[in-house]
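With mmCIF, C-alpha atoms inside, this is work-v9.cif:
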```
data_my_file
#
loop_
_atom_site.label_atom_id
_atom_site.label_comp_id
_atom_site.auth_asym_id
_atom_site.auth_seq_id
_atom_site.Cartn_x
_atom_site.Cartn_y
_atom_site.Cartn_z
CA MET A 1 -4.44 17.81 -10.10
CA THR A 2 -6.37 14.54 -9.71
CA THR A 3 -7.71 14.88 -13.26
CA LYS A 4 -4.22 15.56 -14.61
CA ILE A 5 -2.71 12.56 -12.83
CA ILE A 6 -5.41 10.14 -14.00
CA THR A 7 -5.28 11.53 -17.56
CA TRP A 8 -1.50 11.14 -17.83
CA MET A 9 -1.72 7.69 -16.22
CA ILE A 10 -4.14 6.53 -18.94
CA VAL A 11 -1.97 8.10 -21.66
CA GLY A 12 1.08 6.26 -20.27
CA LEU A 13 -0.86 2.98 -20.13
CA LEU A 14 -2.00 3.31 -23.76
CA LEU A 15 1.40 4.44 -25.07
CA GLY A 16 3.19 1.65 -23.20
CA SER A 17 0.75 -0.95 -24.53
CA LEU A 18 1.22 0.33 -28.11
CA ILE A 19 5.01 0.17 -27.74
CA ASN A 20 4.76 -3.38 -26.40
CA THR A 21 2.56 -4.42 -29.33
CA PHE A 22 4.21 -2.64 -32.25
CA ALA A 23 7.74 -1.67 -31.13
CA ASP A 24 8.76 -4.46 -28.79
CA ASP A 25 11.78 -5.32 -30.95
CA VAL A 26 12.64 -1.80 -32.15
CA ALA A 27 16.00 -1.09 -30.51
CA PHE A 28 15.76 2.70 -30.82
CA VAL A 29 12.40 2.87 -29.02
CA GLN A 30 13.48 0.41 -26.32
CA ASP A 31 16.89 2.02 -25.68
CA TYR A 32 15.97 5.69 -25.86
CA PHE A 33 12.41 5.71 -24.58
CA VAL A 34 11.51 2.62 -22.51
CA HIS A 35 14.92 2.13 -20.84
CA GLY A 36 15.93 5.75 -21.38
CA VAL A 37 13.48 8.63 -20.89
CA PHE A 38 10.69 6.63 -19.21
CA HIS A 39 13.08 4.79 -16.91
CA VAL A 40 15.00 7.93 -15.87
CA VAL A 41 11.93 10.13 -15.27
CA GLY A 42 10.03 7.35 -13.48
CA THR A 43 12.96 6.41 -11.24
CA ILE A 44 13.64 10.05 -10.32
CA PHE A 45 9.97 10.48 -9.41
CA ILE A 46 10.00 7.35 -7.20
CA ASN A 47 13.21 8.58 -5.53
CA LEU A 48 11.59 11.96 -4.86
CA LEU A 49 8.73 10.23 -3.08
CA LYS A 50 11.05 7.93 -1.13
CA MET A 51 13.17 10.96 -0.19
CA LEU A 52 10.17 12.43 1.65
CA VAL A 53 9.07 9.31 3.52
CA VAL A 54 11.47 9.10 6.50
CA PRO A 55 11.67 12.83 7.42
CA LEU A 56 7.92 13.27 6.91
CA VAL A 57 7.07 10.26 9.12
CA VAL A 58 9.55 11.33 11.82
CA PHE A 59 8.45 14.97 12.13
CA SER A 60 4.77 14.16 11.68
CA LEU A 61 4.93 11.40 14.29
CA ILE A 62 6.72 13.64 16.80
CA CYS A 63 3.99 16.27 16.30
CA GLY A 64 1.31 13.60 16.61
CA VAL A 65 2.63 12.03 19.83
CA CYS A 66 3.28 15.40 21.42
CA GLY A 67 -0.16 16.57 20.25
CA ILE A 68 -1.80 13.62 22.02
CA GLY A 69 0.24 14.37 25.15
CA ASP A 70 -1.00 11.18 26.82
CA VAL A 71 0.82 7.84 26.55
CA LYS A 72 -2.37 5.92 27.47
CA LYS A 73 -4.26 7.53 24.61
CA LEU A 74 -1.39 6.73 22.24
CA GLY A 75 -1.57 3.08 23.33
CA ARG A 76 -5.34 3.09 22.77
CA VAL A 77 -4.92 4.46 19.24
CA GLY A 78 -2.26 1.82 18.52
CA ILE A 79 -4.41 -1.08 19.75
CA LYS A 80 -7.44 0.14 17.75
CA ALA A 81 -5.38 0.54 14.58
CA PHE A 82 -3.66 -2.84 14.95
CA SER A 83 -6.98 -4.64 15.60
CA LEU A 84 -8.65 -2.98 12.61
CA PHE A 85 -5.75 -3.84 10.30
CA LEU A 86 -6.02 -7.51 11.33
CA LEU A 87 -9.81 -7.38 10.86
CA THR A 88 -9.63 -5.90 7.35
CA THR A 89 -6.98 -8.46 6.34
CA ALA A 90 -9.14 -11.34 7.66
CA LEU A 91 -12.22 -9.99 5.84
CA ALA A 92 -10.17 -9.56 2.63
CA ILE A 93 -8.93 -13.17 2.60
CA LEU A 94 -12.40 -14.48 3.56
CA LEU A 95 -14.01 -12.55 0.69
CA ALA A 96 -11.34 -13.81 -1.74
CA LEU A 97 -11.92 -17.44 -0.73
CA LEU A 98 -15.72 -17.21 -0.89
CA VAL A 99 -15.74 -15.64 -4.37
CA SER A 100 -13.01 -18.01 -5.64
CA ILE A 101 -14.80 -21.12 -4.34
CA ALA A 102 -18.01 -19.93 -6.01
CA ILE A 103 -16.39 -19.28 -9.43
CA ASN A 104 -13.51 -21.83 -9.29
CA PRO A 105 -10.75 -20.08 -11.33
CA GLY A 106 -8.29 -22.45 -12.99
CA LYS A 107 -10.73 -25.37 -13.16
CA ASN A 108 -10.26 -25.77 -16.93
CA PHE A 109 -6.72 -24.38 -17.13
CA ASN A 110 -4.62 -26.56 -19.45
CA LEU A 111 -1.31 -27.22 -17.74
CA ILE A 112 1.04 -28.77 -20.30
CA PRO A 113 2.30 -32.14 -18.98
CA GLY A 114 5.96 -32.12 -18.09
CA THR A 115 6.13 -28.34 -17.95
CA GLN A 116 9.02 -27.40 -15.69
CA MET A 117 8.27 -24.43 -13.49
CA GLU A 118 10.78 -23.16 -11.00
CA PHE A 119 10.08 -20.88 -8.10
CA VAL A 120 12.37 -20.60 -5.12
CA ALA A 121 10.31 -19.47 -2.15
CA PRO A 122 12.08 -16.77 -0.13
CA GLU A 123 12.52 -17.73 3.48
CA SER A 124 10.20 -16.01 5.94
CA PRO A 125 11.59 -14.70 9.24
CA PRO A 126 10.35 -16.39 12.46
CA ILE A 127 7.76 -14.36 14.37
CA THR A 128 10.16 -14.08 17.32
CA GLN A 129 12.70 -12.34 15.07
CA VAL A 130 10.02 -9.90 13.88
CA PHE A 131 9.34 -8.80 17.47
CA ILE A 132 13.08 -8.58 18.25
CA GLU A 133 13.68 -6.41 15.18
CA LEU A 134 11.00 -3.93 16.22
CA VAL A 135 13.68 -2.38 18.45
CA PRO A 136 16.54 -0.88 16.40
CA GLY A 137 19.99 -1.88 17.61
CA ASN A 138 21.28 1.06 15.57
CA PRO A 139 18.74 3.84 14.95
CA VAL A 140 20.99 5.47 12.35
CA ALA A 141 20.99 2.23 10.32
CA ALA A 142 17.21 1.97 10.68
CA PHE A 143 16.81 5.49 9.26
CA ALA A 144 19.32 4.83 6.48
CA GLU A 145 17.60 1.58 5.44
CA GLY A 146 14.09 3.00 5.80
CA ASN A 147 13.00 0.26 8.23
CA MET A 148 9.59 1.75 8.99
CA LEU A 149 8.67 -0.30 12.09
CA GLN A 150 12.01 0.50 13.75
CA ILE A 151 11.69 4.18 12.78
CA ILE A 152 8.18 4.31 14.27
CA PHE A 153 9.36 2.65 17.50
CA PHE A 154 12.36 5.00 17.93
CA THR A 155 10.39 8.15 17.02
CA ILE A 156 7.52 7.37 19.42
CA LEU A 157 9.99 6.71 22.25
CA PHE A 158 11.85 9.93 21.40
CA ALA A 159 8.60 11.96 21.35
CA ILE A 160 7.44 10.48 24.67
CA CYS A 161 10.76 11.48 26.25
CA LEU A 162 10.33 14.99 24.80
CA LEU A 163 6.99 15.20 26.61
CA MET A 164 8.62 14.03 29.83
CA LEU A 165 11.06 16.95 29.62
CA GLY A 166 8.17 19.38 29.96
CA GLU A 167 9.00 23.00 29.08
CA ARG A 168 12.62 22.14 28.29
CA GLY A 169 11.42 19.99 25.37
CA ARG A 170 9.06 22.67 24.05
CA THR A 171 11.68 24.21 21.72
CA LEU A 172 12.32 20.89 19.97
CA ILE A 173 8.57 20.21 19.68
CA ASP A 174 8.05 23.64 18.08
CA SER A 175 10.94 22.94 15.69
CA ALA A 176 9.42 19.57 14.75
CA GLU A 177 6.10 21.30 13.99
CA LYS A 178 7.85 23.78 11.70
CA MET A 179 9.79 20.98 9.99
CA ASN A 180 6.54 19.07 9.51
CA ASP A 181 5.06 22.12 7.76
CA VAL A 182 8.14 22.26 5.49
CA MET A 183 7.80 18.54 4.64
CA MET A 184 4.10 18.96 3.80
CA ARG A 185 5.04 21.81 1.46
CA MET A 186 7.66 19.56 -0.14
CA VAL A 187 4.91 16.99 -0.76
CA ASN A 188 2.96 19.67 -2.66
CA VAL A 189 6.05 20.59 -4.70
CA VAL A 190 6.67 16.94 -5.66
CA MET A 191 2.99 16.55 -6.54
CA SER A 192 3.30 19.41 -9.00
CA ILE A 193 5.39 17.14 -11.28
CA ALA A 194 3.40 14.00 -10.42
CA PRO A 195 1.44 13.70 -13.72
CA TYR A 196 4.67 13.39 -15.70
CA GLY A 197 6.26 10.95 -13.24
CA VAL A 198 3.12 8.81 -13.28
CA PHE A 199 3.08 8.91 -17.10
CA ALA A 200 6.70 7.69 -17.29
CA LEU A 201 6.10 4.87 -14.79
CA MET A 202 2.97 3.65 -16.57
CA ALA A 203 4.52 3.88 -20.03
CA LYS A 204 7.57 1.86 -18.95
CA ASN A 205 5.57 -0.78 -17.04
CA PHE A 206 3.14 -1.48 -19.88
CA ALA A 207 5.84 -1.27 -22.56
CA LEU A 208 7.67 -4.09 -20.73
CA GLN A 209 4.65 -6.07 -19.48
CA GLY A 210 2.03 -5.53 -22.16
CA ILE A 211 -1.68 -6.23 -22.08
CA ASP A 212 -1.10 -9.48 -24.03
CA LEU A 213 0.55 -10.98 -20.95
CA ILE A 214 -2.83 -11.04 -19.20
CA LEU A 215 -4.66 -13.08 -21.87
CA PRO A 216 -3.48 -16.61 -20.93
CA MET A 217 -4.25 -15.86 -17.27
CA ILE A 218 -7.41 -13.81 -17.82
CA GLY A 219 -9.48 -15.96 -15.43
CA TYR A 220 -7.08 -15.54 -12.51
CA PHE A 221 -6.35 -11.89 -13.32
CA GLY A 222 -10.02 -10.99 -13.63
CA MET A 223 -10.86 -12.83 -10.41
CA VAL A 224 -8.25 -10.93 -8.37
CA VAL A 225 -9.39 -7.59 -9.86
CA LEU A 226 -13.03 -8.43 -9.09
CA VAL A 227 -12.33 -9.26 -5.45
CA LEU A 228 -10.10 -6.19 -5.03
CA MET A 229 -12.92 -3.97 -6.31
CA CYS A 230 -15.50 -5.72 -4.08
CA HIS A 231 -13.25 -5.26 -1.04
CA VAL A 232 -12.73 -1.52 -1.64
CA THR A 233 -16.29 -0.64 -2.58
CA GLY A 234 -17.98 -3.20 -0.32
CA THR A 235 -16.09 -4.38 2.76
CA LEU A 236 -14.00 -1.28 3.46
CA MET A 237 -16.81 1.17 2.68
CA ALA A 238 -19.22 -0.79 4.92
CA LEU A 239 -16.72 -0.57 7.80
CA LEU A 240 -16.24 3.14 7.09
CA LYS A 241 -19.99 3.76 7.06
CA PHE A 242 -20.89 1.84 10.23
CA LEU A 243 -17.72 2.29 12.33
CA GLY A 244 -16.49 5.62 10.95
CA ARG A 245 -19.94 7.13 10.40
CA VAL A 246 -18.84 9.10 7.31
CA ASN A 247 -19.96 9.23 3.67
CA PRO A 248 -18.09 6.52 1.67
CA ILE A 249 -18.66 8.28 -1.68
CA GLN A 250 -17.05 11.49 -0.42
CA PHE A 251 -14.18 9.41 0.97
CA LEU A 252 -13.55 7.62 -2.35
CA LYS A 253 -13.62 10.92 -4.26
CA LYS A 254 -10.91 12.33 -1.99
CA MET A 255 -8.80 9.15 -2.24
CA ARG A 256 -8.49 9.21 -6.05
CA THR A 257 -5.16 11.03 -6.18
CA ALA A 258 -3.53 8.81 -3.54
CA GLN A 259 -4.88 5.69 -5.28
CA ALA A 260 -3.44 6.87 -8.60
CA PHE A 261 -0.05 7.39 -6.94
CA ALA A 262 -0.18 3.94 -5.31
CA PHE A 263 -1.22 2.30 -8.58
CA SER A 264 1.64 3.86 -10.55
CA THR A 265 4.37 3.35 -7.92
CA SER A 266 3.29 -0.13 -6.64
CA SER A 267 4.66 0.87 -3.25
CA SER A 268 2.67 1.65 -0.10
CA GLY A 269 5.87 2.98 1.48
CA ALA A 270 6.66 5.40 -1.34
CA THR A 271 3.03 6.59 -1.28
CA ILE A 272 3.13 7.44 2.48
CA PRO A 273 3.66 11.20 1.88
CA ILE A 274 0.63 11.39 -0.42
CA THR A 275 -1.56 9.16 1.78
CA LEU A 276 -0.64 11.16 4.89
CA SER A 277 -1.29 14.47 3.14
CA THR A 278 -4.65 13.19 1.83
CA VAL A 279 -5.80 11.85 5.21
CA GLU A 280 -4.84 15.06 7.05
CA LYS A 281 -5.54 17.83 4.54
CA ARG A 282 -8.35 16.30 2.48
CA MET A 283 -10.10 14.12 5.10
CA GLY A 284 -9.57 16.32 8.15
CA VAL A 285 -8.00 13.60 10.33
CA ASP A 286 -5.90 15.13 13.11
CA ASN A 287 -2.14 14.73 12.79
CA SER A 288 -1.98 12.97 16.18
CA THR A 289 -3.87 10.00 14.70
CA ALA A 290 -2.85 10.12 11.02
CA SER A 291 0.88 10.35 11.73
CA PHE A 292 0.80 7.04 13.60
CA VAL A 293 -1.84 5.00 11.71
CA VAL A 294 -0.76 5.71 8.10
CA PRO A 295 2.96 4.70 8.36
CA PHE A 296 1.99 1.74 10.57
CA GLY A 297 -0.61 0.61 8.02
CA ALA A 298 1.80 1.02 5.10
CA THR A 299 4.04 -1.51 6.85
CA ILE A 300 1.64 -4.18 8.13
CA ASN A 301 -1.67 -3.69 6.28
CA MET A 302 -1.80 -6.13 3.36
CA ASP A 303 -5.46 -6.41 2.31
CA GLY A 304 -4.60 -6.54 -1.39
CA THR A 305 -1.90 -9.16 -0.86
CA ALA A 306 -4.29 -11.25 1.27
CA ILE A 307 -6.83 -11.18 -1.58
CA MET A 308 -4.18 -12.31 -4.06
CA GLN A 309 -3.29 -15.19 -1.70
CA GLY A 310 -6.89 -16.37 -1.40
CA VAL A 311 -7.52 -16.38 -5.16
CA ALA A 312 -4.07 -17.84 -5.94
CA THR A 313 -4.54 -20.66 -3.42
CA VAL A 314 -7.84 -21.79 -4.99
CA PHE A 315 -6.44 -21.25 -8.52
CA ILE A 316 -3.31 -23.35 -7.90
CA ALA A 317 -5.33 -26.06 -6.10
CA ASN A 318 -7.69 -26.30 -9.11
CA ILE A 319 -4.82 -26.45 -11.60
CA TYR A 320 -3.17 -29.35 -9.78
CA GLY A 321 -6.50 -31.06 -9.07
CA ILE A 322 -6.11 -30.89 -5.29
CA GLU A 323 -9.24 -30.66 -3.14
CA LEU A 324 -9.01 -28.32 -0.15
CA SER A 325 -11.00 -29.05 3.00
CA LEU A 326 -12.79 -26.59 5.27
CA THR A 327 -9.85 -26.91 7.67
CA ASP A 328 -7.47 -25.96 4.85
CA TYR A 329 -9.51 -22.85 4.07
CA LEU A 330 -9.57 -21.83 7.73
CA THR A 331 -5.79 -22.39 7.80
CA VAL A 332 -5.39 -20.08 4.79
CA ILE A 333 -7.34 -17.32 6.60
CA GLY A 334 -5.30 -17.71 9.80
CA MET A 335 -1.98 -17.87 7.95
CA ALA A 336 -2.79 -14.78 5.87
CA VAL A 337 -3.54 -12.72 8.96
CA LEU A 338 -0.44 -13.90 10.85
CA ALA A 339 1.82 -13.64 7.81
CA SER A 340 0.79 -10.00 7.29
CA ILE A 341 2.52 -9.31 10.61
CA GLY A 342 5.35 -11.80 10.27
CA THR A 343 6.50 -10.50 6.88
CA ALA A 344 6.00 -6.80 7.64
CA GLY A 345 8.63 -4.67 5.96
CA VAL A 346 10.30 -7.64 4.25
CA PRO A 347 11.03 -7.21 0.50
CA GLY A 348 8.85 -9.52 -1.59
CA ALA A 349 6.44 -9.94 1.31
CA GLY A 350 3.56 -10.97 -0.95
CA LEU A 351 5.43 -13.95 -2.37
CA ILE A 352 6.75 -14.96 1.06
CA MET A 353 3.19 -14.91 2.42
CA LEU A 354 1.85 -16.97 -0.50
CA ALA A 355 4.66 -19.52 -0.21
CA MET A 356 3.95 -19.90 3.52
CA VAL A 357 0.24 -20.44 2.87
CA LEU A 358 0.80 -23.00 0.08
CA ASN A 359 3.27 -24.95 2.22
CA GLN A 360 0.83 -24.99 5.14
CA VAL A 361 -2.05 -26.49 3.11
CA GLY A 362 0.14 -28.90 1.10
CA LEU A 363 0.00 -27.19 -2.30
CA PRO A 364 3.06 -27.15 -4.65
CA VAL A 365 4.97 -23.89 -4.17
CA GLU A 366 6.22 -24.05 -7.77
CA GLY A 367 2.65 -23.16 -8.78
CA ILE A 368 3.57 -19.55 -7.94
CA ALA A 369 5.59 -19.51 -11.18
CA LEU A 370 2.29 -19.68 -13.09
CA ILE A 371 1.04 -16.38 -11.76
CA MET A 372 4.34 -14.49 -11.77
CA GLY A 373 3.75 -13.05 -15.25
CA VAL A 374 0.67 -11.03 -14.30
CA ASP A 375 1.68 -10.36 -10.70
CA ARG A 376 3.43 -7.08 -11.56
CA LEU A 377 0.24 -5.57 -12.91
CA LEU A 378 -1.85 -6.96 -10.06
CA ASP A 379 0.67 -5.54 -7.58
CA MET A 380 -0.22 -2.05 -8.79
CA MET A 381 -3.89 -2.65 -7.99
CA ARG A 382 -3.12 -4.35 -4.66
CA THR A 383 -1.13 -1.31 -3.56
CA ALA A 384 -4.05 1.03 -4.31
CA VAL A 385 -6.28 -1.23 -2.19
CA ASN A 386 -3.74 -1.32 0.64
CA ILE A 387 -3.45 2.45 0.97
CA THR A 388 -7.24 2.78 0.80
CA GLY A 389 -7.40 0.40 3.77
CA ASP A 390 -4.82 2.52 5.62
CA ALA A 391 -6.94 5.65 5.12
CA VAL A 392 -10.16 3.85 6.14
CA VAL A 393 -8.61 2.64 9.41
CA ALA A 394 -7.14 6.12 10.08
CA MET A 395 -10.61 7.64 9.62
CA ILE A 396 -12.35 5.05 11.83
CA VAL A 397 -9.77 5.41 14.63
CA ALA A 398 -9.89 9.22 14.39
CA ARG A 399 -13.70 9.24 14.57
CA SER A 400 -13.62 7.01 17.66
CA GLU A 401 -11.18 9.46 19.28
CA ASP A 402 -13.11 12.52 18.02
CA ASN A 403 -10.04 13.63 16.07
CA VAL A 404 -11.69 14.48 12.73
CA SER A 405 -12.77 17.83 11.35
CA MET A 406 -16.03 16.96 9.57
CA GLU A 407 -16.06 20.46 8.09
CA ILE A 408 -12.88 19.62 6.18
CA PHE A 409 -14.12 16.13 5.26
CA ASN A 410 -17.41 17.46 3.86
CA ASP A 411 -15.71 20.23 1.88
CA PRO A 412 -14.97 18.72 -1.57
CA ASP A 413 -12.19 21.26 -2.24
CA ALA A 414 -10.44 21.07 1.15
CA GLY A 415 -6.73 20.34 0.82
CA ALA A 416 -6.87 19.96 -2.96
CA VAL A 417 -3.51 20.58 -4.57
CA ASN A 418 -3.50 23.08 -7.39
CA LEU A 419 -0.46 24.28 -9.27
CA VAL A 420 -1.39 27.94 -8.75
CA GLU A 421 -1.16 27.45 -5.00
CA LEU A 422 2.54 26.76 -5.17
CA PRO A 423 4.65 29.77 -4.24
CA HIS A 424 6.93 31.46 -6.73
CA VAL A 425 10.60 31.13 -5.82
CA LYS A 426 12.32 34.52 -5.88
#
```
For this file, produce the structure as C-alpha cells.
Amino acid sequence: MTTKIITWMIVGLLLGSLINTFADDVAFVQDYFVHGVFHVVGTIFINLLKMLVVPLVVFSLICGVCGIGDVKKLGRVGIKAFSLFLLTTALAILLALLVSIAINPGKNFNLIPGTQMEFVAPESPPITQVFIELVPGNPVAAFAEGNMLQIIFFTILFAICLLMLGERGRTLIDSAEKMNDVMMRMVNVVMSIAPYGVFALMAKNFALQGIDLILPMIGYFGMVVLVLMCHVTGTLMALLKFLGRVNPIQFLKKMRTAQAFAFSTSSSGATIPITLSTVEKRMGVDNSTASFVVPFGATINMDGTAIMQGVATVFIANIYGIELSLTDYLTVIGMAVLASIGTAGVPGAGLIMLAMVLNQVGLPVEGIALIMGVDRLLDMMRTAVNITGDAVVAMIVARSEDNVSMEIFNDPDAGAVNLVELPHVK
C-alpha cells in the first residue's frame, strides 16, 4: 500500500506539472480534468478522511481514558505530551534560525522599487480567549464544527464520568470499544482507495501551482525544505533515540504512508485517522496513549510552521535590509512557541503566527506577500513534518509509561494495510 501511494503521488506530481507547463491555457484540460475529475476525486477523498476524524477521535479517546482508568496517570500523560510538543517547536524554530543566519537567504534578492505588495494579517485571538474556548459552551456545535480541542475536553470529561459510574458504565465502555474497532476498519476501507485520491490531489495542486512558481523563490524554498528535512531526520530522530529508546530508521519506514497522506492533504487534522492507525497498529503504541497524544498534537504541534517562520523572518529581514539583534531572535523563538498554542485550531494559523512574529520584531508584515506563492507547496511538506512530530511524541510518552509493544514495533509487517486483507461484502 505504501508503495502504491508513493507511486501514484509521484505520477500525480509529474502529470500536474506537465499540465501546468503545456496545457495551462487549454480550456478542455482545465475544465474537465483539473477542475473536473481531479477536483471531484480529490475533494471526495479529503471529505472521506474528515468524515472519520471526529467519531474516530471520540471512540478512541473514550477507550484510551477508560483503559488508563486513573485520572492522575491521564494528567501525567497530558503534561508530558504538552511539554514535548513545546520542546520540539522550540527546537524547530531554533534550528531554522541557526541555519538561516548561517546561509542568509534573501540577501541578494532583487525587490523591484515601488512594488506594491498587499497582505492583510488575520487577527490572532488573545491567549485568554484560547483558554476560555477550551470548554465548549455547546458540545453539539463543537462536534459539528470539528473543534478538536473542545472535542478532546468534552470526551475526556465524559470518559472520566463513565469510569466514575463503575459497573453501570461498563456497557457504554464496551460499546465504545466496538465502535472504535468499526472506525479502525473504516480507516482501512478508505485507505484502499487512497492511491487514487492522492493522485488526484497531487495532479490538481501541481497543475494549478506548477514547478515554475518555485524558481524565483528557490533560495527561500530550498532553505525551508532543508531545515524541514534536518528537523525530521536530525532533531526528532535524536529525541526518539535518546528519550524513546527505539530505532529511528524503523520508525521512519513505518511513517511513510502517514507522511504521504499528510503531504497530499496538507492537513494534520484530516490525517488524524491515518496517523492514529499508524501509531497504534504499526508502532505498537497503546490506545490509551495514542488516542490522546495524536489528536492533541494535530491541534497544537506546529514544528513545520515554526520552521517556516524562522526562515521567513530572516528572509524578509534580509530583503528589506533590516538587521535583527540577538534579542529579536530570542523574541522570535518565544513568540513561535507561544503562538503555536495561541493559534491552535484557528484557520490560517501559520500566517497568523508569522504575522505576530513579524510585528513583534518590527518587520513589515506585507513581506508575507512575497512568500505566498510557494507557501502552498511548502505547506504540504510542513504537514508531513508536523504529523511525524506527533508520532514521535506519542512514542516517547508511551515508552515512558511502558505502553508500547516492542514486538509490534520491531515487526516490519505489523499493521500493514493490504488490499487482500479487506473483507468481501456479501
Between A:Val58, A:Val357, A:Met179, A:Leu86, which residue has the minimum interatomic distance to A:Leu330, considering all atoms listed in the file?
A:Val357
Restrict the calculation to only C-alpha atoms, then for each residue of stretch 246-348 of chain A with any atom at most 12 Å from an atom of stretch 366-389 of chain A give the closest atom pair and their distance in Å to one decimal, rows by chain and rising residue number, as a Markdown table.
```
| residue | atom | partner | partner_atom | distance |
| --- | --- | --- | --- | --- |
| A:Pro248 | CA | A:Thr388 | CA | 11.5 |
| A:Phe251 | CA | A:Thr388 | CA | 9.6 |
| A:Leu252 | CA | A:Thr388 | CA | 8.6 |
| A:Lys253 | CA | A:Thr388 | CA | 11.5 |
| A:Lys254 | CA | A:Thr388 | CA | 10.6 |
| A:Met255 | CA | A:Thr388 | CA | 7.2 |
| A:Arg256 | CA | A:Ala384 | CA | 9.5 |
| A:Thr257 | CA | A:Ala384 | CA | 10.2 |
| A:Ala258 | CA | A:Ile387 | CA | 7.8 |
| A:Gln259 | CA | A:Ala384 | CA | 4.8 |
| A:Ala260 | CA | A:Ala384 | CA | 7.3 |
| A:Phe261 | CA | A:Ala384 | CA | 8.0 |
| A:Ala262 | CA | A:Ala384 | CA | 4.9 |
| A:Phe263 | CA | A:Met380 | CA | 4.5 |
| A:Ser264 | CA | A:Met380 | CA | 6.4 |
| A:Thr265 | CA | A:Met380 | CA | 7.1 |
| A:Ser266 | CA | A:Met380 | CA | 4.5 |
| A:Ser267 | CA | A:Thr383 | CA | 6.2 |
| A:Ser268 | CA | A:Thr383 | CA | 5.9 |
| A:Gly269 | CA | A:Ile387 | CA | 9.3 |
| A:Ala270 | CA | A:Thr383 | CA | 10.5 |
| A:Thr271 | CA | A:Ile387 | CA | 8.0 |
| A:Ile272 | CA | A:Ile387 | CA | 8.4 |
| A:Pro273 | CA | A:Ile387 | CA | 11.3 |
| A:Ile274 | CA | A:Ile387 | CA | 9.9 |
| A:Thr275 | CA | A:Ile387 | CA | 7.0 |
| A:Leu276 | CA | A:Ile387 | CA | 10.0 |
| A:Thr278 | CA | A:Thr388 | CA | 10.8 |
| A:Val279 | CA | A:Thr388 | CA | 10.2 |
| A:Val293 | CA | A:Gly389 | CA | 10.7 |
| A:Val294 | CA | A:Ile387 | CA | 8.3 |
| A:Pro295 | CA | A:Ile387 | CA | 10.0 |
| A:Phe296 | CA | A:Ile387 | CA | 11.1 |
| A:Gly297 | CA | A:Ile387 | CA | 7.8 |
| A:Ala298 | CA | A:Ile387 | CA | 6.8 |
| A:Thr299 | CA | A:Asn386 | CA | 10.0 |
| A:Ile300 | CA | A:Asn386 | CA | 9.7 |
| A:Asn301 | CA | A:Asn386 | CA | 6.5 |
| A:Met302 | CA | A:Asn386 | CA | 5.9 |
| A:Asp303 | CA | A:Asn386 | CA | 5.6 |
| A:Gly304 | CA | A:Arg382 | CA | 4.2 |
| A:Thr305 | CA | A:Arg382 | CA | 6.3 |
| A:Ala306 | CA | A:Arg382 | CA | 9.2 |
| A:Ile307 | CA | A:Arg382 | CA | 8.4 |
| A:Met308 | CA | A:Arg382 | CA | 8.1 |
| A:Gln309 | CA | A:Ile368 | CA | 10.2 |
| A:Val311 | CA | A:Ile371 | CA | 10.8 |
| A:Ala312 | CA | A:Ile371 | CA | 7.9 |
| A:Thr313 | CA | A:Gly367 | CA | 9.3 |
| A:Val314 | CA | A:Gly367 | CA | 11.2 |
| A:Phe315 | CA | A:Gly367 | CA | 9.3 |
| A:Ile316 | CA | A:Gly367 | CA | 6.0 |
| A:Ala317 | CA | A:Gly367 | CA | 8.9 |
| A:Asn318 | CA | A:Gly367 | CA | 10.8 |
| A:Ile319 | CA | A:Gly367 | CA | 8.6 |
| A:Tyr320 | CA | A:Gly367 | CA | 8.6 |
| A:Ser340 | CA | A:Asn386 | CA | 11.8 |
| A:Gly348 | CA | A:Asp379 | CA | 10.9 |
```
Check the smallest atom-to-atom distance from each of A:Val54, A:Ala96, A:Ala238, A:Ile408 to A:Gln150 using all atoms listed in the file, then report the winner.
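Smallest distance to A:Gln150 is found for A:Val54.
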Near-A:Pro136 list (8 Å; all atoms listed in the file; drop same-chain fewer than 4 positions) as a list in words:
Ala142, Gln150, Ile151 and Phe154 of chain A
Have a look at A:Lys72, A:Val332, A:Phe85, A:Ile93 and name the one nearest to A:Asp390; count all atoms listed in the file.
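Ranking A:Lys72, A:Val332, A:Phe85, A:Ile93 by distance to A:Asp390, first place goes to A:Phe85.
Candidate residues A:Gly222, A:Gly197, A:Gly78, A:Gly334 were compared for distance to A:Leu48, and the nearest is A:Gly197, using all atoms listed in the file.
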Taking the file as shown, find all residues satisfying the PyMOL selection byres ((chain A and resi 62-65) around 6) and write them as a tab-separated table (two decimals) with C-alpha atoms, in the coordinates of the input.
```tsv
chain	number	residue	atom	x	y	z
A	59	PHE	CA	8.45	14.97	12.13
A	60	SER	CA	4.77	14.16	11.68
A	61	LEU	CA	4.93	11.40	14.29
A	66	CYS	CA	3.28	15.40	21.42
A	67	GLY	CA	-0.16	16.57	20.25
A	68	ILE	CA	-1.80	13.62	22.02
A	159	ALA	CA	8.60	11.96	21.35
A	177	GLU	CA	6.10	21.30	13.99
A	287	ASN	CA	-2.14	14.73	12.79
A	288	SER	CA	-1.98	12.97	16.18
A	291	SER	CA	0.88	10.35	11.73
```
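Of the residues listed (A:Val190, A:Met223, A:Met184, A:Met51), A:Met51 shows the shortest atom-to-atom separation from A:Phe143; distances use only C-alpha atoms.
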What separation in Å, quoted to one decimal, exists between atom CA of A:Phe292 and atom CA of A:Ala81?
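Interatomic distance, atom CA of A:Phe292 to atom CA of A:Ala81: 9.0 Å.
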Atoms are missing here; could stretch 262-266 of chain A be completed with N, CA and C atoms and written as a PDB file, in the coordinates of the input?
```pdb
ATOM      1  N   ALA A 262      -0.469   5.309  -5.747  1.00  0.00           N
ATOM      2  CA  ALA A 262      -0.180   3.940  -5.310  1.00  0.00           C
ATOM      3  C   ALA A 262      -0.166   2.986  -6.494  1.00  0.00           C
ATOM      4  N   PHE A 263      -1.122   3.164  -7.413  1.00  0.00           N
ATOM      5  CA  PHE A 263      -1.220   2.300  -8.580  1.00  0.00           C
ATOM      6  C   PHE A 263       0.033   2.418  -9.453  1.00  0.00           C
ATOM      7  N   SER A 264       0.494   3.646  -9.653  1.00  0.00           N
ATOM      8  CA  SER A 264       1.640   3.860 -10.550  1.00  0.00           C
ATOM      9  C   SER A 264       2.974   3.484  -9.913  1.00  0.00           C
ATOM     10  N   THR A 265       3.093   3.638  -8.586  1.00  0.00           N
ATOM     11  CA  THR A 265       4.370   3.350  -7.920  1.00  0.00           C
ATOM     12  C   THR A 265       4.469   1.916  -7.414  1.00  0.00           C
ATOM     13  N   SER A 266       3.331   1.246  -7.200  1.00  0.00           N
ATOM     14  CA  SER A 266       3.290  -0.130  -6.640  1.00  0.00           C
ATOM     15  C   SER A 266       3.973  -0.218  -5.285  1.00  0.00           C
TER      16      SER A 266
END
```
